[in-house]
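Reviewing the structure listed below.
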Protein chains: 2
Amino acid sequence: MDAKTRLELQQLLKTSHVASLATLHGGAPAVSMVPWASATDGASLLIHVSGLSQHTGDMLADPRVALMIAEPESSGTMVQALPRVMIHGAAREIDRDSSDYEAAKRAYLERHPRAEVTFDLGDFSIFAIEPRSTRYVAGFGRAYDVEQAELARALRDER
Amino acid sequence: MDAKTRLELQQLLKTSHVASLATLHGGAPAVSMVPWASATDGASLLIHVSGLSQHTGDMLADPRVALMIAEPESSGTMVQALPRVMIHGAAREIDRDSSDYEAAKRAYLERHPRAEVTFDLGDFSIFAIEPRSTRYVAGFGRAYDVEQAELARALRDER
């Protein structure tokens with residue numbers, strides 16, 4: 001990735017606050033929508049999910065997930081060329097009593113201040129998704145494998 | 001679903017031309033972006049995919065897929081409340097020599113006229129995704145299971 005492409009990725013991460021989360025549900029693929037935020041160090045993506053939702057059960061049963069962050073369609077761009085980044089990784093629940101929890105909560109609420117009320121609900125928890133491999137499609141014929149360090153930098157710089 | 005909710009679902013299907021496609025990749029979940037169209041009878045959703053892409057190989061290896069069609073985020077709506085519909089189903093490649101192919105191609109191109117050029121490429125094919133179960137989230141606390149006949153009607157009416 002050159003400097004221009006790197007900036008485009010950072011811009012995509014900055015402007016898109018929701019992601020498509022693919023999980024395994026009883027061995028079959030499932031997909032849902034999740035608001036997301038970067039961890040402070042950029043090493044993971046944070047989601048805050050209800051224990052009642054299907055994706056939470058899926059991640060507890062099998063931590064393998066894929067996350068797609070895509071630019072919303074607009075009348076100008078051909079849909080086939082919409083920028084998007086696909087991240088394959090493992091989801092880990094952050095223990096509410098661990099030292100990581102408060103920092104993760106702060107990072108999440110910085111991006112999603114209106115979600116504060118959900119932190120008072122007992123059945124919500126934070127999962128950190130740790131990327132294993134990342135593919136970025138910047139447009140037509142512009143697809144890149146993104147190294148872990150590069151993604152972490154983009155996630156840090158997005159904040 | 002009442003009449004108002006039914007209209008909202010139809011509106012979502014009408015305005016959102018791209019979907020998030022979850023597939024199984026070597027047993028792990030994967031997610032990608034696909035433009036989609038309704039089949040004329042509303043019984044399936046059509047996608048046109050390259051034989052070189054990962055999701056095509058995934059669907060040929062295991063037809064189970066999940067498709068999410070979501071309203072793009074906008075500054076007004078809380079992201080947690082964005083309307084979206086999740087469809088679990090099976091993907092079936094439509095044989096280029098079958099009688100279904102021309103009708104599927106026409107239905108797809110009606111919605112994605114600029115994709116015409118990709119039909120001249122030898123390595124693209126149409127997959128029909130036949131819904132098995134559908135969940136529609138219309139907003140906060142407004143989630144519905146959608147019967148197959150009801151989804152087919154919404155897909156027909158969307159056209």
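Labeling convention for the structure tokens: chains A, B, ... as they appear, residues from 1 per chain, ligands from 1 in order of appearance.
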Would you list which chain B residues are within 8 Å of chain A using only C-alpha atoms, as a ChimeraX atom specification?
/B:16-18,20-24,27-35,64-68,72-73,78-80,84,86,88,114
Please, can I see chain A fitted onto chain B by all in-order Cα atoms (least squares), as a PDB file with C-alpha atoms, in the first residue's frame?
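This is the output file selection-v4.pdb:
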```
ATOM      1  CA  MET A   1     -45.526  -7.527  10.833  1.00  0.00           C
ATOM      2  CA  ASP A   2     -48.127  -4.850  10.327  1.00  0.00           C
ATOM      3  CA  ALA A   3     -48.656  -2.977   7.063  1.00  0.00           C
ATOM      4  CA  LYS A   4     -46.341  -0.103   8.057  1.00  0.00           C
ATOM      5  CA  THR A   5     -43.490  -2.460   8.934  1.00  0.00           C
ATOM      6  CA  ARG A   6     -44.029  -4.364   5.700  1.00  0.00           C
ATOM      7  CA  LEU A   7     -43.659  -1.140   3.738  1.00  0.00           C
ATOM      8  CA  GLU A   8     -40.476  -0.257   5.618  1.00  0.00           C
ATOM      9  CA  LEU A   9     -38.976  -3.645   4.726  1.00  0.00           C
ATOM     10  CA  GLN A  10     -39.915  -3.143   1.103  1.00  0.00           C
ATOM     11  CA  GLN A  11     -38.316   0.308   1.176  1.00  0.00           C
ATOM     12  CA  LEU A  12     -35.106  -1.108   2.661  1.00  0.00           C
ATOM     13  CA  LEU A  13     -34.942  -3.750  -0.082  1.00  0.00           C
ATOM     14  CA  LYS A  14     -35.609  -1.124  -2.729  1.00  0.00           C
ATOM     15  CA  THR A  15     -32.928   1.334  -1.637  1.00  0.00           C
ATOM     16  CA  SER A  16     -30.058  -0.960  -0.596  1.00  0.00           C
ATOM     17  CA  HIS A  17     -28.301  -2.397  -3.630  1.00  0.00           C
ATOM     18  CA  VAL A  18     -25.456  -4.120  -1.803  1.00  0.00           C
ATOM     19  CA  ALA A  19     -25.454  -6.881   0.785  1.00  0.00           C
ATOM     20  CA  SER A  20     -22.969  -8.418   3.191  1.00  0.00           C
ATOM     21  CA  LEU A  21     -22.504 -12.064   2.266  1.00  0.00           C
ATOM     22  CA  ALA A  22     -21.292 -14.485   4.933  1.00  0.00           C
ATOM     23  CA  THR A  23     -19.859 -17.775   3.689  1.00  0.00           C
ATOM     24  CA  LEU A  24     -17.904 -20.669   5.144  1.00  0.00           C
ATOM     25  CA  HIS A  25     -14.245 -20.531   4.216  1.00  0.00           C
ATOM     26  CA  GLY A  26     -12.492 -23.735   5.230  1.00  0.00           C
ATOM     27  CA  GLY A  27     -14.870 -24.023   8.169  1.00  0.00           C
ATOM     28  CA  ALA A  28     -14.374 -20.411   9.340  1.00  0.00           C
ATOM     29  CA  PRO A  29     -16.753 -17.528   8.705  1.00  0.00           C
ATOM     30  CA  ALA A  30     -15.938 -15.052   5.926  1.00  0.00           C
ATOM     31  CA  VAL A  31     -17.750 -11.917   4.849  1.00  0.00           C
ATOM     32  CA  SER A  32     -17.758  -9.965   1.605  1.00  0.00           C
ATOM     33  CA  MET A  33     -19.761  -7.328  -0.242  1.00  0.00           C
ATOM     34  CA  VAL A  34     -22.062  -8.237  -3.112  1.00  0.00           C
ATOM     35  CA  PRO A  35     -24.478  -6.276  -5.259  1.00  0.00           C
ATOM     36  CA  TRP A  36     -27.813  -8.118  -5.298  1.00  0.00           C
ATOM     37  CA  ALA A  37     -31.131  -8.190  -7.133  1.00  0.00           C
ATOM     38  CA  SER A  38     -34.473  -9.941  -6.633  1.00  0.00           C
ATOM     39  CA  ALA A  39     -35.486 -12.774  -8.903  1.00  0.00           C
ATOM     40  CA  THR A  40     -38.665 -11.900 -10.793  1.00  0.00           C
ATOM     41  CA  ASP A  41     -40.830 -14.201  -8.650  1.00  0.00           C
ATOM     42  CA  GLY A  42     -39.235 -12.971  -5.407  1.00  0.00           C
ATOM     43  CA  ALA A  43     -38.336 -16.527  -4.449  1.00  0.00           C
ATOM     44  CA  SER A  44     -34.596 -15.864  -4.434  1.00  0.00           C
ATOM     45  CA  LEU A  45     -31.936 -13.169  -4.360  1.00  0.00           C
ATOM     46  CA  LEU A  46     -29.503 -13.048  -7.245  1.00  0.00           C
ATOM     47  CA  ILE A  47     -25.811 -12.246  -7.086  1.00  0.00           C
ATOM     48  CA  HIS A  48     -23.282 -12.168  -9.926  1.00  0.00           C
ATOM     49  CA  VAL A  49     -19.838 -13.223  -8.812  1.00  0.00           C
ATOM     50  CA  SER A  50     -16.405 -13.849 -10.228  1.00  0.00           C
ATOM     51  CA  GLY A  51     -15.038 -17.382 -10.273  1.00  0.00           C
ATOM     52  CA  LEU A  52     -11.765 -15.888  -9.052  1.00  0.00           C
ATOM     53  CA  SER A  53     -13.275 -14.535  -5.834  1.00  0.00           C
ATOM     54  CA  GLN A  54     -13.107 -16.336  -2.537  1.00  0.00           C
ATOM     55  CA  HIS A  55     -16.857 -16.271  -1.853  1.00  0.00           C
ATOM     56  CA  THR A  56     -17.576 -18.144  -5.113  1.00  0.00           C
ATOM     57  CA  GLY A  57     -15.275 -20.979  -4.094  1.00  0.00           C
ATOM     58  CA  ASP A  58     -16.832 -20.956  -0.633  1.00  0.00           C
ATOM     59  CA  MET A  59     -20.391 -21.287  -1.999  1.00  0.00           C
ATOM     60  CA  LEU A  60     -19.402 -24.107  -4.342  1.00  0.00           C
ATOM     61  CA  ALA A  61     -17.801 -25.969  -1.412  1.00  0.00           C
ATOM     62  CA  ASP A  62     -20.704 -25.327   1.000  1.00  0.00           C
ATOM     63  CA  PRO A  63     -23.945 -23.669  -0.163  1.00  0.00           C
ATOM     64  CA  ARG A  64     -24.905 -22.332   3.263  1.00  0.00           C
ATOM     65  CA  VAL A  65     -24.810 -18.530   3.320  1.00  0.00           C
ATOM     66  CA  ALA A  66     -26.201 -15.577   5.217  1.00  0.00           C
ATOM     67  CA  LEU A  67     -26.970 -12.266   3.574  1.00  0.00           C
ATOM     68  CA  MET A  68     -27.518  -8.962   5.353  1.00  0.00           C
ATOM     69  CA  ILE A  69     -29.089  -5.956   3.672  1.00  0.00           C
ATOM     70  CA  ALA A  70     -28.723  -2.883   5.858  1.00  0.00           C
ATOM     71  CA  GLU A  71     -29.619   0.765   5.644  1.00  0.00           C
ATOM     72  CA  PRO A  72     -26.422   2.810   5.318  1.00  0.00           C
ATOM     73  CA  GLU A  73     -25.501   4.829   8.384  1.00  0.00           C
ATOM     74  CA  SER A  74     -26.397   8.499   8.311  1.00  0.00           C
ATOM     75  CA  SER A  75     -25.673  11.201  10.825  1.00  0.00           C
ATOM     76  CA  GLY A  76     -29.234  11.212  12.131  1.00  0.00           C
ATOM     77  CA  THR A  77     -29.932   7.610  13.111  1.00  0.00           C
ATOM     78  CA  MET A  78     -28.313   5.876  16.074  1.00  0.00           C
ATOM     79  CA  VAL A  79     -26.253   3.124  14.501  1.00  0.00           C
ATOM     80  CA  GLN A  80     -27.723   0.504  16.844  1.00  0.00           C
ATOM     81  CA  ALA A  81     -31.158   1.204  15.369  1.00  0.00           C
ATOM     82  CA  LEU A  82     -30.266   1.002  11.677  1.00  0.00           C
ATOM     83  CA  PRO A  83     -32.811  -1.155   9.854  1.00  0.00           C
ATOM     84  CA  ARG A  84     -31.433  -4.404   8.443  1.00  0.00           C
ATOM     85  CA  VAL A  85     -32.640  -7.772   7.263  1.00  0.00           C
ATOM     86  CA  MET A  86     -30.682 -10.997   7.726  1.00  0.00           C
ATOM     87  CA  ILE A  87     -31.456 -13.869   5.384  1.00  0.00           C
ATOM     88  CA  HIS A  88     -30.122 -17.378   5.914  1.00  0.00           C
ATOM     89  CA  GLY A  89     -30.264 -19.601   2.898  1.00  0.00           C
ATOM     90  CA  ALA A  90     -28.621 -21.809   0.350  1.00  0.00           C
ATOM     91  CA  ALA A  91     -26.708 -20.565  -2.694  1.00  0.00           C
ATOM     92  CA  ARG A  92     -27.142 -22.373  -6.014  1.00  0.00           C
ATOM     93  CA  GLU A  93     -25.208 -21.574  -9.174  1.00  0.00           C
ATOM     94  CA  ILE A  94     -27.520 -21.046 -12.139  1.00  0.00           C
ATOM     95  CA  ASP A  95     -26.275 -23.023 -15.100  1.00  0.00           C
ATOM     96  CA  ARG A  96     -25.508 -20.723 -18.020  1.00  0.00           C
ATOM     97  CA  ASP A  97     -27.294 -23.119 -20.366  1.00  0.00           C
ATOM     98  CA  SER A  98     -30.427 -23.500 -18.271  1.00  0.00           C
ATOM     99  CA  SER A  99     -33.700 -21.778 -19.110  1.00  0.00           C
ATOM    100  CA  ASP A 100     -33.478 -19.824 -15.836  1.00  0.00           C
ATOM    101  CA  TYR A 101     -30.267 -18.088 -16.802  1.00  0.00           C
ATOM    102  CA  GLU A 102     -31.582 -15.457 -19.206  1.00  0.00           C
ATOM    103  CA  ALA A 103     -34.383 -14.397 -16.869  1.00  0.00           C
ATOM    104  CA  ALA A 104     -31.948 -14.144 -13.951  1.00  0.00           C
ATOM    105  CA  LYS A 105     -29.527 -12.122 -16.045  1.00  0.00           C
ATOM    106  CA  ARG A 106     -32.297  -9.725 -17.096  1.00  0.00           C
ATOM    107  CA  ALA A 107     -33.491  -9.300 -13.496  1.00  0.00           C
ATOM    108  CA  TYR A 108     -29.939  -8.629 -12.326  1.00  0.00           C
ATOM    109  CA  LEU A 109     -29.189  -6.126 -15.083  1.00  0.00           C
ATOM    110  CA  GLU A 110     -32.434  -4.261 -14.494  1.00  0.00           C
ATOM    111  CA  ARG A 111     -31.063  -3.361 -11.103  1.00  0.00           C
ATOM    112  CA  HIS A 112     -27.381  -3.147 -12.013  1.00  0.00           C
ATOM    113  CA  PRO A 113     -27.247  -1.943 -15.623  1.00  0.00           C
ATOM    114  CA  ARG A 114     -23.615  -0.912 -15.294  1.00  0.00           C
ATOM    115  CA  ALA A 115     -22.665  -4.536 -14.569  1.00  0.00           C
ATOM    116  CA  GLU A 116     -23.454  -5.537 -18.168  1.00  0.00           C
ATOM    117  CA  VAL A 117     -19.769  -5.643 -19.093  1.00  0.00           C
ATOM    118  CA  THR A 118     -19.116  -8.337 -16.472  1.00  0.00           C
ATOM    119  CA  PHE A 119     -21.526 -10.667 -18.273  1.00  0.00           C
ATOM    120  CA  ASP A 120     -19.102 -10.764 -21.182  1.00  0.00           C
ATOM    121  CA  LEU A 121     -16.391 -12.110 -18.921  1.00  0.00           C
ATOM    122  CA  GLY A 122     -16.227 -15.881 -18.955  1.00  0.00           C
ATOM    123  CA  ASP A 123     -15.491 -16.369 -15.283  1.00  0.00           C
ATOM    124  CA  PHE A 124     -18.591 -14.756 -13.788  1.00  0.00           C
ATOM    125  CA  SER A 125     -21.684 -16.672 -12.773  1.00  0.00           C
ATOM    126  CA  ILE A 126     -25.069 -16.029 -11.221  1.00  0.00           C
ATOM    127  CA  PHE A 127     -25.968 -17.611  -7.900  1.00  0.00           C
ATOM    128  CA  ALA A 128     -29.545 -17.710  -6.600  1.00  0.00           C
ATOM    129  CA  ILE A 129     -29.816 -17.542  -2.827  1.00  0.00           C
ATOM    130  CA  GLU A 130     -32.932 -19.303  -1.628  1.00  0.00           C
ATOM    131  CA  PRO A 131     -34.031 -18.017   1.792  1.00  0.00           C
ATOM    132  CA  ARG A 132     -34.644 -20.519   4.587  1.00  0.00           C
ATOM    133  CA  SER A 133     -35.167 -18.096   7.478  1.00  0.00           C
ATOM    134  CA  THR A 134     -35.279 -14.328   7.681  1.00  0.00           C
ATOM    135  CA  ARG A 135     -35.001 -11.892  10.554  1.00  0.00           C
ATOM    136  CA  TYR A 136     -35.856  -8.227  10.094  1.00  0.00           C
ATOM    137  CA  VAL A 137     -34.780  -5.539  12.549  1.00  0.00           C
ATOM    138  CA  ALA A 138     -36.807  -2.436  11.780  1.00  0.00           C
ATOM    139  CA  GLY A 139     -35.383  -0.385  14.660  1.00  0.00           C
ATOM    140  CA  PHE A 140     -35.039  -0.405  18.447  1.00  0.00           C
ATOM    141  CA  GLY A 141     -36.976  -3.309  19.933  1.00  0.00           C
ATOM    142  CA  ARG A 142     -38.607  -3.979  16.583  1.00  0.00           C
ATOM    143  CA  ALA A 143     -37.392  -7.391  15.402  1.00  0.00           C
ATOM    144  CA  TYR A 144     -39.483  -9.765  13.328  1.00  0.00           C
ATOM    145  CA  ASP A 145     -39.238 -13.244  11.908  1.00  0.00           C
ATOM    146  CA  VAL A 146     -40.330 -12.977   8.299  1.00  0.00           C
ATOM    147  CA  GLU A 147     -42.181 -15.856   6.672  1.00  0.00           C
ATOM    148  CA  GLN A 148     -40.865 -17.040   3.323  1.00  0.00           C
ATOM    149  CA  ALA A 149     -44.012 -15.982   1.469  1.00  0.00           C
ATOM    150  CA  GLU A 150     -43.885 -12.553   3.052  1.00  0.00           C
ATOM    151  CA  LEU A 151     -40.250 -12.048   2.081  1.00  0.00           C
ATOM    152  CA  ALA A 152     -40.998 -13.191  -1.476  1.00  0.00           C
ATOM    153  CA  ARG A 153     -43.816 -10.657  -1.650  1.00  0.00           C
ATOM    154  CA  ALA A 154     -41.540  -7.866  -0.405  1.00  0.00           C
ATOM    155  CA  LEU A 155     -38.870  -8.864  -2.922  1.00  0.00           C
ATOM    156  CA  ARG A 156     -41.415  -8.910  -5.761  1.00  0.00           C
ATOM    157  CA  ASP A 157     -42.884  -5.579  -4.716  1.00  0.00           C
ATOM    158  CA  GLU A 158     -39.420  -4.058  -4.401  1.00  0.00           C
ATOM    159  CA  ARG A 159     -38.826  -4.628  -8.102  1.00  0.00           C
TER     160      ARG A 159
END
```
- Step one, run DSSP on the backbone; step two, keep only residues of region 33-145 of chain A assigned to alpha helix (DSSP H); then write them as number ranges by chain. A: 54-61, 100-111
- Query: What residues in region 50-130 of chain A get the DSSP label strand (DSSP E)? Please answer as a ChimeraX atom specification.
  - Reply: /A:50,64-70,84-93,124-130
